[in-house]
Each structure stands twice: as structure tokens, then as C-alpha cells.
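Okay, final-v6.pdb now, which holds PDB, C-alpha atoms and all ligand atoms:
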ATOM      1  CA  MET I 182     121.338 129.949 109.400  1.00  0.00           C
ATOM      2  CA  LYS I 183     117.675 129.060 109.669  1.00  0.00           C
ATOM      3  CA  SER I 184     116.083 126.933 106.971  1.00  0.00           C
ATOM      4  CA  GLU I 185     112.824 125.198 106.226  1.00  0.00           C
ATOM      5  CA  LEU I 186     112.812 121.622 104.961  1.00  0.00           C
ATOM      6  CA  PHE I 187     109.942 119.313 104.164  1.00  0.00           C
ATOM      7  CA  VAL I 188     110.812 116.047 105.855  1.00  0.00           C
ATOM      8  CA  ASN I 189     108.575 113.025 105.378  1.00  0.00           C
ATOM      9  CA  GLY I 190     105.772 115.356 104.319  1.00  0.00           C
ATOM     10  CA  LYS I 191     106.064 117.844 107.187  1.00  0.00           C
ATOM     11  CA  SER I 192     107.506 121.340 107.277  1.00  0.00           C
ATOM     12  CA  ARG I 193     110.477 121.467 109.661  1.00  0.00           C
ATOM     13  CA  VAL I 194     112.412 124.632 110.552  1.00  0.00           C
ATOM     14  CA  VAL I 195     115.993 123.975 111.622  1.00  0.00           C
ATOM     15  CA  GLU I 196     118.856 126.230 112.562  1.00  0.00           C
ATOM     16  CA  GLY I 197     122.606 125.875 112.729  1.00  0.00           C
ATOM     17  CA  HIS I 198     125.896 126.299 110.911  1.00  0.00           C
ATOM     18  CA  PRO I 199     125.629 126.381 107.097  1.00  0.00           C
ATOM     19  CA  MET I 200     128.080 123.490 106.801  1.00  0.00           C
ATOM     20  CA  ASP I 201     126.298 121.165 109.232  1.00  0.00           C
ATOM     21  CA  ARG I 202     125.520 117.869 107.505  1.00  0.00           C
ATOM     22  CA  LEU I 203     122.015 116.841 106.532  1.00  0.00           C
ATOM     23  CA  LEU I 204     122.767 113.538 108.304  1.00  0.00           C
ATOM     24  CA  ASP I 205     123.210 115.405 111.607  1.00  0.00           C
ATOM     25  CA  ILE I 206     120.192 117.637 111.009  1.00  0.00           C
ATOM     26  CA  LEU I 207     118.042 114.539 110.585  1.00  0.00           C
ATOM     27  CA  ARG I 208     119.480 112.559 113.488  1.00  0.00           C
ATOM     28  CA  ASP I 209     120.351 115.231 116.049  1.00  0.00           C
ATOM     29  CA  GLU I 210     117.895 118.040 115.345  1.00  0.00           C
ATOM     30  CA  LEU I 211     114.891 116.084 114.121  1.00  0.00           C
ATOM     31  CA  GLY I 212     115.389 112.786 115.971  1.00  0.00           C
ATOM     32  CA  LEU I 213     115.181 110.695 112.794  1.00  0.00           C
ATOM     33  CA  ILE I 214     117.796 108.162 113.818  1.00  0.00           C
ATOM     34  CA  GLY I 215     116.796 105.601 111.189  1.00  0.00           C
ATOM     35  CA  THR I 216     119.356 107.203 108.878  1.00  0.00           C
ATOM     36  CA  LYS I 217     122.743 105.737 109.793  1.00  0.00           C
ATOM     37  CA  GLU I 218     126.307 106.966 109.616  1.00  0.00           C
ATOM     38  CA  GLY I 219     128.841 104.509 108.277  1.00  0.00           C
ATOM     39  CA  CYS I 220     131.991 105.961 106.770  1.00  0.00           C
ATOM     40  CA  GLY I 221     130.990 109.621 107.043  1.00  0.00           C
ATOM     41  CA  GLU I 222     132.797 110.409 103.807  1.00  0.00           C
ATOM     42  CA  GLY I 223     130.573 109.390 100.939  1.00  0.00           C
ATOM     43  CA  GLU I 224     131.817 105.848 100.422  1.00  0.00           C
ATOM     44  CA  CYS I 225     129.321 103.430 101.972  1.00  0.00           C
ATOM     45  CA  GLY I 226     125.755 104.605 101.288  1.00  0.00           C
ATOM     46  CA  ALA I 227     124.537 103.938 104.834  1.00  0.00           C
ATOM     47  CA  CYS I 228     123.314 107.528 105.155  1.00  0.00           C
ATOM     48  CA  THR I 229     121.236 107.551 101.955  1.00  0.00           C
ATOM     49  CA  VAL I 230     118.003 109.569 101.982  1.00  0.00           C
ATOM     50  CA  LEU I 231     115.874 110.951  99.175  1.00  0.00           C
ATOM     51  CA  MET I 232     116.271 114.672  98.513  1.00  0.00           C
ATOM     52  CA  ASN I 233     113.819 116.114  96.011  1.00  0.00           C
ATOM     53  CA  GLY I 234     113.081 112.518  95.016  1.00  0.00           C
ATOM     54  CA  GLU I 235     116.664 111.438  94.325  1.00  0.00           C
ATOM     55  CA  PRO I 236     118.932 109.294  96.517  1.00  0.00           C
ATOM     56  CA  VAL I 237     121.697 111.399  98.103  1.00  0.00           C
ATOM     57  CA  LEU I 238     124.401 110.759 100.680  1.00  0.00           C
ATOM     58  CA  SER I 239     123.281 112.843 103.629  1.00  0.00           C
ATOM     59  CA  CYS I 240     126.807 112.845 105.110  1.00  0.00           C
ATOM     60  CA  LEU I 241     127.906 114.983 102.150  1.00  0.00           C
ATOM     61  CA  ILE I 242     125.000 117.457 101.992  1.00  0.00           C
ATOM     62  CA  PRO I 243     125.549 120.712 103.929  1.00  0.00           C
ATOM     63  CA  ARG I 244     122.697 122.604 105.531  1.00  0.00           C
ATOM     64  CA  ILE I 245     123.171 125.419 103.037  1.00  0.00           C
ATOM     65  CA  GLN I 246     121.950 123.105 100.234  1.00  0.00           C
ATOM     66  CA  CYS I 247     118.848 122.025 102.120  1.00  0.00           C
ATOM     67  CA  GLU I 248     116.717 125.171 102.039  1.00  0.00           C
ATOM     68  CA  ALA I 249     113.184 124.244 100.882  1.00  0.00           C
ATOM     69  CA  ALA I 250     114.290 120.709 100.006  1.00  0.00           C
ATOM     70  CA  THR I 251     111.947 117.762 100.212  1.00  0.00           C
ATOM     71  CA  VAL I 252     113.616 114.990 102.192  1.00  0.00           C
ATOM     72  CA  GLU I 253     112.363 111.440 102.640  1.00  0.00           C
ATOM     73  CA  THR I 254     114.016 109.201 105.213  1.00  0.00           C
ATOM     74  CA  VAL I 255     113.618 105.510 105.867  1.00  0.00           C
ATOM     75  CA  GLU I 256     111.019 106.324 108.529  1.00  0.00           C
ATOM     76  CA  GLY I 257     108.808 108.142 106.036  1.00  0.00           C
ATOM     77  CA  LEU I 258     109.257 105.587 103.307  1.00  0.00           C
ATOM     78  CA  ALA I 259     108.581 102.664 105.622  1.00  0.00           C
ATOM     79  CA  ALA I 260     105.362 104.239 106.811  1.00  0.00           C
ATOM     80  CA  ALA I 261     104.217 105.250 103.372  1.00  0.00           C
ATOM     81  CA  GLU I 262     104.804 102.391 101.008  1.00  0.00           C
ATOM     82  CA  ALA I 263     106.054  98.939 100.161  1.00  0.00           C
ATOM     83  CA  ARG I 264     105.400  97.302 103.510  1.00  0.00           C
ATOM     84  CA  ALA I 265     105.486  93.876 101.872  1.00  0.00           C
ATOM     85  CA  PHE I 266     108.869  94.705 100.420  1.00  0.00           C
ATOM     86  CA  LEU I 267     110.179  95.711 103.846  1.00  0.00           C
ATOM     87  CA  GLU I 268     108.846  92.554 105.481  1.00  0.00           C
ATOM     88  CA  GLY I 269     110.432  90.532 102.691  1.00  0.00           C
ATOM     89  CA  PHE I 270     113.708  92.264 103.378  1.00  0.00           C
ATOM     90  CA  VAL I 271     113.683  90.705 106.832  1.00  0.00           C
ATOM     91  CA  SER I 272     112.325  87.278 105.944  1.00  0.00           C
ATOM     92  CA  ASP I 273     114.567  86.881 102.877  1.00  0.00           C
ATOM     93  CA  GLY I 274     117.799  87.559 104.735  1.00  0.00           C
ATOM     94  CA  GLY I 275     118.350  91.059 103.358  1.00  0.00           C
ATOM     95  CA  VAL I 276     119.153  92.236 106.890  1.00  0.00           C
ATOM     96  CA  GLN I 277     121.934  90.917 109.085  1.00  0.00           C
ATOM     97  CA  CYS I 278     123.765  93.482 111.240  1.00  0.00           C
ATOM     98  CA  GLY I 279     121.493  96.165 109.787  1.00  0.00           C
ATOM     99  CA  ALA I 280     124.081  98.927 109.475  1.00  0.00           C
ATOM    100  CA  CYS I 281     123.533  99.237 105.741  1.00  0.00           C
ATOM    101  CA  THR I 282     119.813  98.460 105.776  1.00  0.00           C
ATOM    102  CA  PRO I 283     118.180 101.909 105.957  1.00  0.00           C
ATOM    103  CA  GLY I 284     120.337 103.196 103.100  1.00  0.00           C
ATOM    104  CA  ILE I 285     119.641 100.130 100.986  1.00  0.00           C
ATOM    105  CA  ILE I 286     115.904 100.366 101.635  1.00  0.00           C
ATOM    106  CA  VAL I 287     115.848 104.041 100.626  1.00  0.00           C
ATOM    107  CA  THR I 288     117.789 103.267  97.444  1.00  0.00           C
ATOM    108  CA  ALA I 289     115.563 100.266  96.758  1.00  0.00           C
ATOM    109  CA  LEU I 290     112.314 102.148  97.117  1.00  0.00           C
ATOM    110  CA  ALA I 291     113.589 104.959  94.904  1.00  0.00           C
ATOM    111  CA  LEU I 292     114.398 102.400  92.217  1.00  0.00           C
ATOM    112  CA  LEU I 293     111.043 100.624  92.574  1.00  0.00           C
ATOM    113  CA  ARG I 294     109.185 103.927  92.225  1.00  0.00           C
ATOM    114  CA  ASP I 295     110.804 104.500  88.848  1.00  0.00           C
ATOM    115  CA  ASN I 296     111.002 100.885  87.770  1.00  0.00           C
ATOM    116  CA  PRO I 297     108.616  98.479  89.539  1.00  0.00           C
ATOM    117  CA  HIS I 298     110.191  95.411  87.923  1.00  0.00           C
ATOM    118  CA  PRO I 299     113.961  95.924  87.814  1.00  0.00           C
ATOM    119  CA  ASP I 300     116.105  93.087  86.549  1.00  0.00           C
ATOM    120  CA  ARG I 301     119.155  91.947  88.493  1.00  0.00           C
ATOM    121  CA  GLN I 302     121.529  94.168  86.549  1.00  0.00           C
ATOM    122  CA  GLU I 303     119.379  97.215  87.235  1.00  0.00           C
ATOM    123  CA  VAL I 304     119.277  96.365  90.939  1.00  0.00           C
ATOM    124  CA  GLN I 305     123.044  95.881  91.042  1.00  0.00           C
ATOM    125  CA  THR I 306     123.562  99.226  89.329  1.00  0.00           C
ATOM    126  CA  ALA I 307     121.193 101.012  91.703  1.00  0.00           C
ATOM    127  CA  LEU I 308     122.907  99.480  94.740  1.00  0.00           C
ATOM    128  CA  ALA I 309     126.447 100.110  93.532  1.00  0.00           C
ATOM    129  CA  GLY I 310     126.889 102.863  96.127  1.00  0.00           C
ATOM    130  CA  ASN I 311     125.413 100.901  99.046  1.00  0.00           C
ATOM    131  CA  LEU I 312     127.986  98.656 100.664  1.00  0.00           C
ATOM    132  CA  CYS I 313     126.935  95.633 102.723  1.00  0.00           C
ATOM    133  CA  ARG I 314     129.549  93.595 104.531  1.00  0.00           C
ATOM    134  CA  CYS I 315     127.204  90.871 105.776  1.00  0.00           C
ATOM    135  CA  THR I 316     124.643  89.521 103.355  1.00  0.00           C
ATOM    136  CA  GLY I 317     126.476  88.774 100.126  1.00  0.00           C
ATOM    137  CA  TYR I 318     123.535  90.676  98.555  1.00  0.00           C
ATOM    138  CA  GLU I 319     121.557  87.488  97.751  1.00  0.00           C
ATOM    139  CA  GLY I 320     118.938  88.169 100.431  1.00  0.00           C
ATOM    140  CA  ILE I 321     118.699  91.745  99.243  1.00  0.00           C
ATOM    141  CA  HIS I 322     118.054  90.558  95.686  1.00  0.00           C
ATOM    142  CA  ARG I 323     115.373  88.121  96.909  1.00  0.00           C
ATOM    143  CA  ALA I 324     113.667  91.004  98.704  1.00  0.00           C
ATOM    144  CA  PHE I 325     113.744  93.009  95.482  1.00  0.00           C
ATOM    145  CA  ASP I 326     112.211  90.105  93.608  1.00  0.00           C
ATOM    146  CA  ARG I 327     109.445  89.883  96.184  1.00  0.00           C
ATOM    147  CA  GLY I 328     108.904  93.654  96.125  1.00  0.00           C
ATOM    148  CA  ALA I 329     108.574  93.597  92.366  1.00  0.00           C
ATOM    149  CA  GLU I 330     106.075  90.680  92.556  1.00  0.00           C
ATOM    150  CA  ASP I 331     103.983  92.608  95.072  1.00  0.00           C
ATOM    151  CA  GLU I 332     103.703  95.741  92.920  1.00  0.00           C
TER     152      GLU I 332
HETATM  153  S1  LIG W 401     128.044 107.575 105.953  1.00  0.00           S
HETATM  154 FE1  LIG W 401     127.512 108.652 104.169  1.00  0.00          FE
HETATM  155  S2  LIG W 401     128.333 107.464 102.561  1.00  0.00           S
HETATM  156 FE2  LIG W 401     129.020 106.458 104.353  1.00  0.00          FE
HETATM  157  S1  LIG W 402     123.605  93.780 106.907  1.00  0.00           S
HETATM  158 FE1  LIG W 402     125.498  94.246 107.857  1.00  0.00          FE
HETATM  159  S2  LIG W 402     126.455  95.645 106.517  1.00  0.00           S
HETATM  160 FE2  LIG W 402     124.667  95.005 105.493  1.00  0.00          FE
END

Here is a file; write its structure as C-alpha cells.
Amino acid sequence: MKSELFVNGKSRVVEGHPMDRLLDILRDELGLIGTKEGCGEGECGACTVLMNGEPVLSCLIPRIQCEAATVETVEGLAAAEARAFLEGFVSDGGVQCGACTPGIIVTALALLRDNPHPDRQEVQTALAGNLCRCTGYEGIHRAFDRGAEDE
């Protein structure tokens, strides 16, 4: 099937099997390799992107659900907003191996759009679906605190 998506503000026409995953459309068809695959089965959050403004797990979204969708990936979000937050993510130790980082950044920016000053509980709730094996989450929370200060 052929479908049109709006990815990071641009119209993109893609074609393939209806059950192809949005994750593969982004990485393999559109070259947006910032979105990562972790578990591939909806458990880790590494593949998180925004679809129609909401965080979704792109490893679970089939092409057939993507027609006319607005998709924002870490590339688009990083270029568009919250540069100080992203820099803080690095300097505050929110990134170690980096496997989880794009998904956490997408989830983080979605939260900060709705709630520029989340408290720790709100951050923990938002990140409940984003697993990080490396950081212990403290650096991630410091980056959130800095992002909220910079709003
Ligand atoms: S790769 Fe999608 S949730 Fe893990
Ligand atoms: S930085 Fe390695 S899994 Fe999060």
C-alpha cells in the first residue's frame, strides 16, 4: 500500500506491506535512524516517536495505521526545540550507552510541551515505559530539571 505521512513537518509518500512497522518505515525508507530498536515488542520504549502529538511505540504501529499521520522523530524534535534541554541531557549524565536516549528525549519533550514544570513524580510516570539500563535515571531527572528551568 502507498501512504502519505507528515514526518518532521514534511510530506513523505511511502509504500510497502500494510503490516510493515512504523519503526522500519522511518529507519529504512526515510533514513531517520535516530529512532532506535530495542526489544522490538513494545517493552522498552527505545523506539518512541510522536504520532499526532502523542508518544507511541513505533515498533508496534503498522503502516496501515499511519495514513495521513503526523509523526515527529528525535531528529525533528532536536532541531525544533529545547536545545538547552538536549545539551543538559549530555552534560548531566542522562546519556551513557545511548540506546534508550532518543526514546527518552521524545517522551521528555512531549511531557514538557504539556507541562513545562513537571515534578519528579510526573517525570517518573511519563518515563515509566522508557527503560534505561545505564543511568539509574538520576542524570535524566537532572536534565528534566534543567529543561524546566530553561522554559
Ligand atoms: S523497540 Fe519498541 S518498545 Fe522496545
Ligand atoms: S543510557 Fe544506556 S540504556 Fe539508557

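When all atoms listed in the file are used to measure the gap to ligand LIG 402 (chain W), the shortest distance among I:Ser239, I:Thr306, I:Thr316, I:Ser192 belongs to I:Thr316.
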
I'd like the neighbourhood of His198 (chain I) as a PyMOL selection string, where a residue qualifies if any of its atoms comes within 8 Å (using all atoms listed in the file), though same-chain residues fewer than 2 positions away should be ignored. chain I and resi 182+196+200-201+244

Using all atoms listed in the file, find the one residue out of I:Thr251, I:Gln302, I:Thr282, I:Thr229 that sits nearest to ligand LIG 401 (chain W).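 The shortest atom-to-atom distance to ligand LIG 401 (chain W) comes from I:Thr229.
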
Mind giving me the straight-line distance from CA of Leu213 (chain I) to CA of Pro299 (chain I) in Å, one decimal?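 Those two atoms sit 29.0 Å apart.
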
Per residue of chain I within 12 Å of ligand LIG 402 (chain W), which atom pair is closest and at what distance in Å (one decimal), using all atoms listed in the file, listed by chain and increasing number, as CSV?
residue,atom,partner,partner_atom,distance
I:Lys217,CA,W:LIG402,S2,11.2
I:Glu218,CA,W:LIG402,S2,11.7
I:Gly219,CA,W:LIG402,S2,9.3
I:Cys220,CA,W:LIG402,S2,11.7
I:Cys225,CA,W:LIG402,S2,9.5
I:Gly226,CA,W:LIG402,S2,10.4
I:Ala227,CA,W:LIG402,S2,8.7
I:Phe270,CA,W:LIG402,S1,10.6
I:Val271,CA,W:LIG402,S1,10.4
I:Gly274,CA,W:LIG402,S1,8.8
I:Gly275,CA,W:LIG402,S1,6.9
I:Val276,CA,W:LIG402,S1,4.7
I:Gln277,CA,W:LIG402,S1,4.0
I:Cys278,CA,W:LIG402,FE1,3.9
I:Gly279,CA,W:LIG402,S1,4.3
I:Ala280,CA,W:LIG402,S2,5.0
I:Cys281,CA,W:LIG402,FE2,4.4
I:Thr282,CA,W:LIG402,FE2,6.0
I:Pro283,CA,W:LIG402,FE2,9.5
I:Gly284,CA,W:LIG402,FE2,9.6
I:Ile285,CA,W:LIG402,FE2,8.5
I:Ile286,CA,W:LIG402,FE2,11.0
I:Leu308,CA,W:LIG402,FE2,11.8
I:Asn311,CA,W:LIG402,FE2,8.8
I:Leu312,CA,W:LIG402,S2,6.8
I:Cys313,CA,W:LIG402,FE2,3.6
I:Arg314,CA,W:LIG402,S2,4.2
I:Cys315,CA,W:LIG402,FE1,4.3
I:Thr316,CA,W:LIG402,S1,5.6
I:Gly317,CA,W:LIG402,FE2,8.4
I:Tyr318,CA,W:LIG402,FE2,8.3
I:Glu319,CA,W:LIG402,FE2,11.2
I:Gly320,CA,W:LIG402,S1,9.8
I:Ile321,CA,W:LIG402,FE2,9.2
